[in-house]
Amino acid sequence: MSDPQNSLMPGCDKVLLVQAELDGELDAAQAAALEAHRVGCPICQAAQVELLRARALMRGDLYQAMPDAVRARVIGRLRQVEPHAPLVPRRRWDWLRAPSIGFGLGAACAAAISLLILLPERNDLVDQIVADHIRALQPGHLEDVVSTDQHTVKPWFDGRIDFAPPVKDFAAEGFPLRGGRLDYLDGRPVAALVYQRDKHIIDLYVWPAGGPTPHLGSDTTIQGYNVVHWTAEGMNFWAVSDVEHGQLDEFIALWRRAP
Amino acid sequence: MLPHLDAAYNLARWLMRDGEAAEDVLQEAMVRALTYFASFKGVNPRAWLLQIVRNTAYGSMALNRGVVTVPITGESDEAIAAELVSGDDDPEAALLRSRESRQVRALIAALPVELRETLVLREFEEFSYKEIAEATQTPIGTVMSRLWRARQLLAQAAAAEGLP
């Protein structure tokens, strides 16, 4: 078991289908085809035995039930944040029945469609940035160079990318630099600087502003992440984080003021 | 969002392996879900909420990286079990829980986090492969091989411990 990656390589490429069948993921035709294979395949037969065994192990009392005290605290906190918030989903189309709204709907749709047509690149890039930020939070992805020293982080990018990103540290102001990494966005390698604010991570993506840079408005929110864009010093800057909006603005103001 | 609070806690607890850390993650994720619920356009609020819980948990783990490490195998599985999975549980419930369930919990808790979350979403939340792929932002093929590895490791470790 020292190397789970290797010792678990299945010896037959159908074993994942054996598993898919047990998980109810195969339709009747696929299941029949698998059955025809399995009668002659000892590897798949053994895999099925082991999978059934693993499943039996999970039948015990394993669900992590929430203690009442935790439930009370969480709900109490939610009521504080938003006393009138709908804590259960509203029926989806109720609002359509309001007569006054139905009228404006056509115009709203037209406006939304024209926005989509006018701003496809922006939406694409913002989605890429948020997806990259989320991916970076997964184990082992956050920083390639770990250092709180801007004089270590800045040279690290030398030779790895064809531009020198400005690197600044705001530890004194409560936004310490944690490190940097290389990423790939908008069809090119970019520098990502990683900052921390209390319990939150701020990723700042930097790359040269080549050609005419459309001014893309200032900020967007996607999946609960705030994304802010600006250009300065011939560079594109995109900051993304789940910190509160005001704090992200504070970070950006610091960045733009600093030499 | 409240109907899915239990699922959210279960996932946070399995990912963080610690009651207090799980509560922090749950708090933060619920506040975030509430704040952005208006922008939710999907059809599966539970999957959406669990994705937020999961991203919040990874954010928290990114900050604490290196502080808690648990080996896949080791002589002190019982100690890990005691520390990780029954830390602040209701003592009565802990008494009722069978020894076997405790052992299996410890084995699951010792799985690498990406295998653990896949297994938990599949076995406890009964997510389809597609739902797991969406919630974990992972290709379906990877979901299938992670599930496979998780179950193999679990079955092998259980056999090594003499579990039936």
# chains A, B, ... in the order shown; residues from 1 in each chain; ligands from 1
>>> interface_residues(of="chain B", to="chain A", cutoff="6 Å", atoms="only C-alpha atoms", output="list in words")
Met1, Leu2, Asn10, Gln27, Tyr36, Tyr58, Gly59, Ala62, Ser101, Arg151 and Ala155 of chain B
>>> residues_around(residues="region 148-152 of chain A", least_positions_apart="5", cutoff="9 Å", atoms="only C-alpha atoms", output="PyMOL selection string")
chain A and resi 167-169+171+176-179
>>> write_last_selection(atoms="N, CA and C atoms", output="PDB file, in the first residue's frame")
ATOM      1  N   VAL A 167       5.901  42.916  -8.005  1.00  0.00           N
ATOM      2  CA  VAL A 167       5.534  42.151  -6.807  1.00  0.00           C
ATOM      3  C   VAL A 167       5.613  43.090  -5.610  1.00  0.00           C
ATOM      4  N   LYS A 168       4.533  43.174  -4.859  1.00  0.00           N
ATOM      5  CA  LYS A 168       4.511  44.051  -3.691  1.00  0.00           C
ATOM      6  C   LYS A 168       3.973  43.278  -2.496  1.00  0.00           C
ATOM      7  N   ASP A 169       4.396  43.682  -1.325  1.00  0.00           N
ATOM      8  CA  ASP A 169       3.922  43.001  -0.119  1.00  0.00           C
ATOM      9  C   ASP A 169       3.183  44.004   0.757  1.00  0.00           C
ATOM     10  N   ALA A 171       2.083  43.132   4.048  1.00  0.00           N
ATOM     11  CA  ALA A 171       1.937  42.461   5.346  1.00  0.00           C
ATOM     12  C   ALA A 171       1.541  43.468   6.424  1.00  0.00           C
ATOM     13  N   PRO A 176      -0.656  39.993   3.799  1.00  0.00           N
ATOM     14  CA  PRO A 176       0.682  39.454   3.554  1.00  0.00           C
ATOM     15  C   PRO A 176       0.769  38.652   2.245  1.00  0.00           C
ATOM     16  N   LEU A 177       1.902  38.799   1.581  1.00  0.00           N
ATOM     17  CA  LEU A 177       2.210  38.000   0.387  1.00  0.00           C
ATOM     18  C   LEU A 177       2.560  36.590   0.836  1.00  0.00           C
ATOM     19  N   ARG A 178       1.976  35.575   0.192  1.00  0.00           N
ATOM     20  CA  ARG A 178       2.284  34.188   0.550  1.00  0.00           C
ATOM     21  C   ARG A 178       3.185  33.520  -0.465  1.00  0.00           C
ATOM     22  N   GLY A 179       3.157  33.995  -1.702  1.00  0.00           N
ATOM     23  CA  GLY A 179       3.998  33.361  -2.708  1.00  0.00           C
ATOM     24  C   GLY A 179       3.449  33.635  -4.090  1.00  0.00           C
TER      25      GLY A 179
END
>>> closest_residue(among="B:Ala21, B:Ala29, B:Ala7, B:Ala160", to="Leu107 (chain B)", atoms="only C-alpha atoms")
B:Ala160
>>> atom_distance(atom1="CA of Asp18 (chain B)", atom2="CA of Ala159 (chain B)")
25.9 Å
>>> closest_residue(among="B:Ala157, B:Val143, B:Leu50, B:Ala22", to="Glu114 (chain B)", atoms="only C-alpha atoms")
B:Val143
